[in-house]
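S.K.: Here it is: the structure, laid out below.
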Amino acid sequence: MTVLGVHASHEQIHPTGLLDAVRKAEEVGFDAAMCSDHFAPWSARQGQSALAWAWLGAALQATNLPMGVVNAPGQRYHPAIIAQAIATLGAMYPGRFWAALGTGEAANEHITGDPWPRKDLRSARLLECVEVIRALLRGEEVSHDGLVTVDRARLWTLPEEPPALVGAAVSVETARWCASWADGLITVNAPAEHLRKMVDAYRDAGGKGPLHLQVHLSWDPDEETARAIAHDQWRSNVFPPPVCWDLETPEHFDAVSEQVTAEQIGRVVNVSSDLGRHAELLRSYVELGFEKVFLHHVGQEQDRFLDAFGERVLAEVRA
């Protein structure tokens with residue numbers, strides 16, 4: 001059965017507002033939630049960036065929804081601390097928490113003052129982090145010397161079952177690589193042909209576990225307003241790798257996105273006032289094999305989106 005969840009964007013909304021949003025999402029019929037984990041927003045217009053891990057404890061307590069987070073261990077976060085956070089939430093909320101792990105973006109990681117590594121080094125570092133986290137979740141004492149260093153770490157509070165560690169990918173090559181270590185795959189909406197290649201690459205390489213998709217969308221009863229919302233809030237997010245990986249501050253993203261057009265935004269955000277069109281697009285993702293689909297309305301006001309999609313879209317996608 002397809003899981004239809006909501007994405008909580010810490011870059012855009014105050015954590016109290018996001019807590020209200022996931023409560024409402026549960027009330028109107030969403031099955032699950034996930035959230036981002038940023039130190040800074042993508043744009044000064046977004047204007048927020050709370051600590052995801054503090055919020056997750058509150059959100060899991062305030063709802064009965066299963067919940068996940070997309071995290072980048074290795075620079076801003078030591079993998080032993082991420083293992084401890086995963087273990088704690090897994091112990092407190094059995095079966096309800098998962099973590100997606102990726103190589104991250106300089107916009108969040110540059111704050112340490114350490115050099116931002118090449119992509120191949122970031123991938124190698126992530127794999128070391130995954131191995132450290134898995135060993136700690138098994139209750140082992142871990143020492144490790146490599147791209148990350150760990151000295152005699154051991155977790156004293158463990159869940160009965162380790163939460164799933166999902167691989168985060170936006171390219172076919174990374175999806176194939178994630179199959180070697182991940183308990184599932186997560187990516188973002190893209191043209192159908194690219195998503196099909198992502199799914200095939202992961203599965204053909206032996207990838208196990210569910211396929212997750214985060215869907216950026218903008219909806220308003222008025223089409224022009226839906227376009228304006230997407231342009232205001234998400235035009236800094238139209239740039240493919242390596243640009244989105246390597247820019248360092250919201251000011252950098254705002255500078256390079258100054259001339260972004262509505263047409264460009266429409267390539268990365270599903271913009272429509274037609275709820276039937278949104279339902280049709282979501283069904284197409286399910287048909288590609290995505291078992292867990294998380295809806296991210298890129299506007300900062302969430303209530304009307306949640307009410308409309310709860311009433312008109314979720315049942316149509318599930319039908």
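Residue numbering restarts at 1 in every chain; chains get A, B, ... in the order shown in the structure tokens, and ligands count up from 1 in that same order.
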Give me, as JSON lines, the closest atom pair and its distance (Å, one decimal) for every residue of segment 138-171 of chain A within a cut-off of 10 Å of segment 207-214 of chain A, counting only C-alpha atoms, rows sorted by chain and rising number.

M.R.:
```
{"residue": "A:Ala164", "atom": "CA", "partner": "A:Gly209", "partner_atom": "CA", "distance": 8.8}
{"residue": "A:Leu165", "atom": "CA", "partner": "A:Gly209", "partner_atom": "CA", "distance": 9.8}
{"residue": "A:Val166", "atom": "CA", "partner": "A:Gly209", "partner_atom": "CA", "distance": 8.4}
{"residue": "A:Gly167", "atom": "CA", "partner": "A:His212", "partner_atom": "CA", "distance": 9.7}
{"residue": "A:Ala168", "atom": "CA", "partner": "A:His212", "partner_atom": "CA", "distance": 9.3}
```

S.K.: Could you give me, as a list in words, each residue of segment 167-290 of chain A that DSSP assigns to strand (DSSP E or B) when run on this structure's backbone?

M.R.: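 Taking segment 167-290 of chain A and keeping strand (DSSP E or B) gives Gly167, Ala168, Leu185, Ile186, Thr187, Val188, Leu211, His212, Leu213, Gln214, Val215, His216, Leu217, Ser218, Asn270 and Val271 of chain A.
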
S.K.: So that I can see what lies close to Trp42 of chain A, please list as a list in words the residues with an atom at most 9 Å from it, counting only C-alpha atoms and leaving out residues fewer than 6 positions away in the same chain.

M.R.: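 Contacts, in chain order: Glu11, Gln12, Ala107, Trp234, Ser236, Asn237, Thr249, Pro250, Glu251, Phe253 and Asp254 of chain A.
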
S.K.: Keeping only N, CA, C and O atoms, write the selected residues as a compact mmCIF listing (two decimals), in the first residue's frame.

M.R.:
```
# COMPACT_ATOMS: atom_id res chain seq x y z
N GLU A 11 13.67 24.84 6.58
CA GLU A 11 14.24 26.06 6.01
C GLU A 11 13.20 27.15 5.85
O GLU A 11 13.54 28.33 5.71
N GLN A 12 11.92 26.79 5.84
CA GLN A 12 10.88 27.73 5.47
C GLN A 12 9.93 28.11 6.59
O GLN A 12 9.28 29.16 6.52
N ALA A 107 26.37 24.43 1.83
CA ALA A 107 25.56 25.45 2.50
C ALA A 107 25.35 25.14 3.98
O ALA A 107 25.22 26.06 4.79
N TRP A 234 11.01 29.03 -3.97
CA TRP A 234 11.81 27.87 -4.42
C TRP A 234 12.70 28.16 -5.62
O TRP A 234 13.31 27.25 -6.17
N SER A 236 15.53 29.47 -5.66
CA SER A 236 16.93 29.19 -5.34
C SER A 236 17.26 27.72 -5.45
O SER A 236 18.42 27.33 -5.29
N ASN A 237 16.26 26.88 -5.72
CA ASN A 237 16.44 25.43 -5.71
C ASN A 237 16.35 24.80 -7.08
O ASN A 237 16.12 23.59 -7.19
N THR A 249 26.24 29.99 0.97
CA THR A 249 25.37 30.79 1.82
C THR A 249 24.04 31.08 1.13
O THR A 249 23.95 31.04 -0.10
N PRO A 250 22.99 31.42 1.90
CA PRO A 250 21.74 31.84 1.27
C PRO A 250 21.93 33.02 0.32
O PRO A 250 21.26 33.10 -0.72
N GLU A 251 22.85 33.91 0.67
CA GLU A 251 23.11 35.06 -0.19
C GLU A 251 23.66 34.63 -1.56
O GLU A 251 23.31 35.21 -2.59
N PHE A 253 22.95 31.73 -3.05
CA PHE A 253 21.82 31.16 -3.79
C PHE A 253 20.90 32.26 -4.30
O PHE A 253 20.40 32.19 -5.44
N ASP A 254 20.67 33.29 -3.49
CA ASP A 254 19.80 34.39 -3.93
C ASP A 254 20.43 35.14 -5.10
O ASP A 254 19.72 35.57 -6.03
```

S.K.: Nearest residue to Asp222 of chain A out of A:Gly17, A:Val188, A:Asp200, A:Leu275, using only C-alpha atoms?

M.R.: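 Checking each candidate against Asp222 of chain A, we get A:Leu275 as the closest.
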
S.K.: What's the 9 Å shell around segment 215-219 of chain A, counting only C-alpha atoms, without same-chain residues fewer than 3 positions away, as an MDAnalysis selection string?

M.R.: chainID A and resid 7 187:190 222:223 225:227 229:230 268:275 278 282 293:299 305

S.K.: Suppose we keep C-alpha atoms; can you now write the selection as a tab-separated table (two decimals), in the first residue's frame?

M.R.:
```tsv
chain	number	residue	atom	x	y	z
A	7	HIS	CA	7.43	16.94	4.12
A	187	THR	CA	15.10	11.02	-4.24
A	188	VAL	CA	13.15	14.08	-5.42
A	189	ASN	CA	10.63	14.56	-8.20
A	190	ALA	CA	12.08	14.78	-11.70
A	222	ASP	CA	-5.51	30.69	-8.24
A	223	GLU	CA	-2.93	29.57	-10.83
A	225	THR	CA	-0.73	32.71	-7.01
A	226	ALA	CA	0.56	29.14	-7.18
A	227	ARG	CA	3.26	30.31	-9.61
A	229	ILE	CA	4.50	31.11	-4.35
A	230	ALA	CA	6.88	28.77	-6.18
A	268	VAL	CA	11.52	21.18	-10.32
A	269	VAL	CA	8.18	22.12	-8.73
A	270	ASN	CA	4.78	20.77	-9.78
A	271	VAL	CA	2.87	24.05	-10.06
A	272	SER	CA	-0.89	23.90	-10.62
A	273	SER	CA	-4.18	25.17	-9.23
A	274	ASP	CA	-5.78	21.92	-10.42
A	275	LEU	CA	-5.98	19.36	-7.63
A	278	HIS	CA	-1.61	17.02	-8.71
A	282	LEU	CA	1.31	11.63	-7.74
A	293	VAL	CA	5.63	9.66	-1.47
A	294	PHE	CA	6.11	12.81	0.61
A	295	LEU	CA	4.40	16.01	-0.48
A	296	HIS	CA	6.22	19.29	0.01
A	297	HIS	CA	4.07	22.34	-0.64
A	298	VAL	CA	6.76	24.96	-1.12
A	299	GLY	CA	4.61	27.75	0.30
A	305	PHE	CA	-2.73	22.90	1.22
```

S.K.: For Gln75 of chain A, please output as JSON, numbers by chain all residues within 10 Å (counting only C-alpha atoms; exclusion window: fewer than 6 positions along the same chain).

M.R.: {"A": [103, 104, 106, 108, 109, 110, 111, 112, 113, 114, 115, 116, 117, 122, 125, 126, 147, 148]}

S.K.: Store the residues picked out above in a file with C-alpha atoms, as a PDB file, in the first residue's frame.

M.R.:
```pdb
ATOM      1  CA  THR A 103      26.723  13.463   1.273  1.00  0.00           C
ATOM      2  CA  GLY A 104      25.314  16.899   2.068  1.00  0.00           C
ATOM      3  CA  ALA A 106      28.361  23.067   1.501  1.00  0.00           C
ATOM      4  CA  ASN A 108      25.183  23.472   5.722  1.00  0.00           C
ATOM      5  CA  GLU A 109      28.608  21.928   6.213  1.00  0.00           C
ATOM      6  CA  HIS A 110      30.926  24.919   5.632  1.00  0.00           C
ATOM      7  CA  ILE A 111      30.146  26.221   9.135  1.00  0.00           C
ATOM      8  CA  THR A 112      32.770  23.898  10.644  1.00  0.00           C
ATOM      9  CA  GLY A 113      35.533  25.732   8.777  1.00  0.00           C
ATOM     10  CA  ASP A 114      36.834  22.419   7.432  1.00  0.00           C
ATOM     11  CA  PRO A 115      37.463  22.101   3.679  1.00  0.00           C
ATOM     12  CA  TRP A 116      34.500  20.995   1.569  1.00  0.00           C
ATOM     13  CA  PRO A 117      35.671  17.705   0.002  1.00  0.00           C
ATOM     14  CA  ARG A 122      32.250  12.885   0.350  1.00  0.00           C
ATOM     15  CA  ARG A 125      33.257   9.586   3.954  1.00  0.00           C
ATOM     16  CA  LEU A 126      29.543   8.823   3.957  1.00  0.00           C
ATOM     17  CA  LEU A 147      38.004  10.175   6.726  1.00  0.00           C
ATOM     18  CA  VAL A 148      36.178  10.231  10.067  1.00  0.00           C
TER      19      VAL A 148
END
```

S.K.: Pick out the closest residue to Arg134 of chain A from this set: A:Ala99, A:Ala175, A:Ala83, A:Ala8. Count only C-alpha atoms.

M.R.: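 Answer, going by the shortest atom-to-atom distance: A:Ala83.
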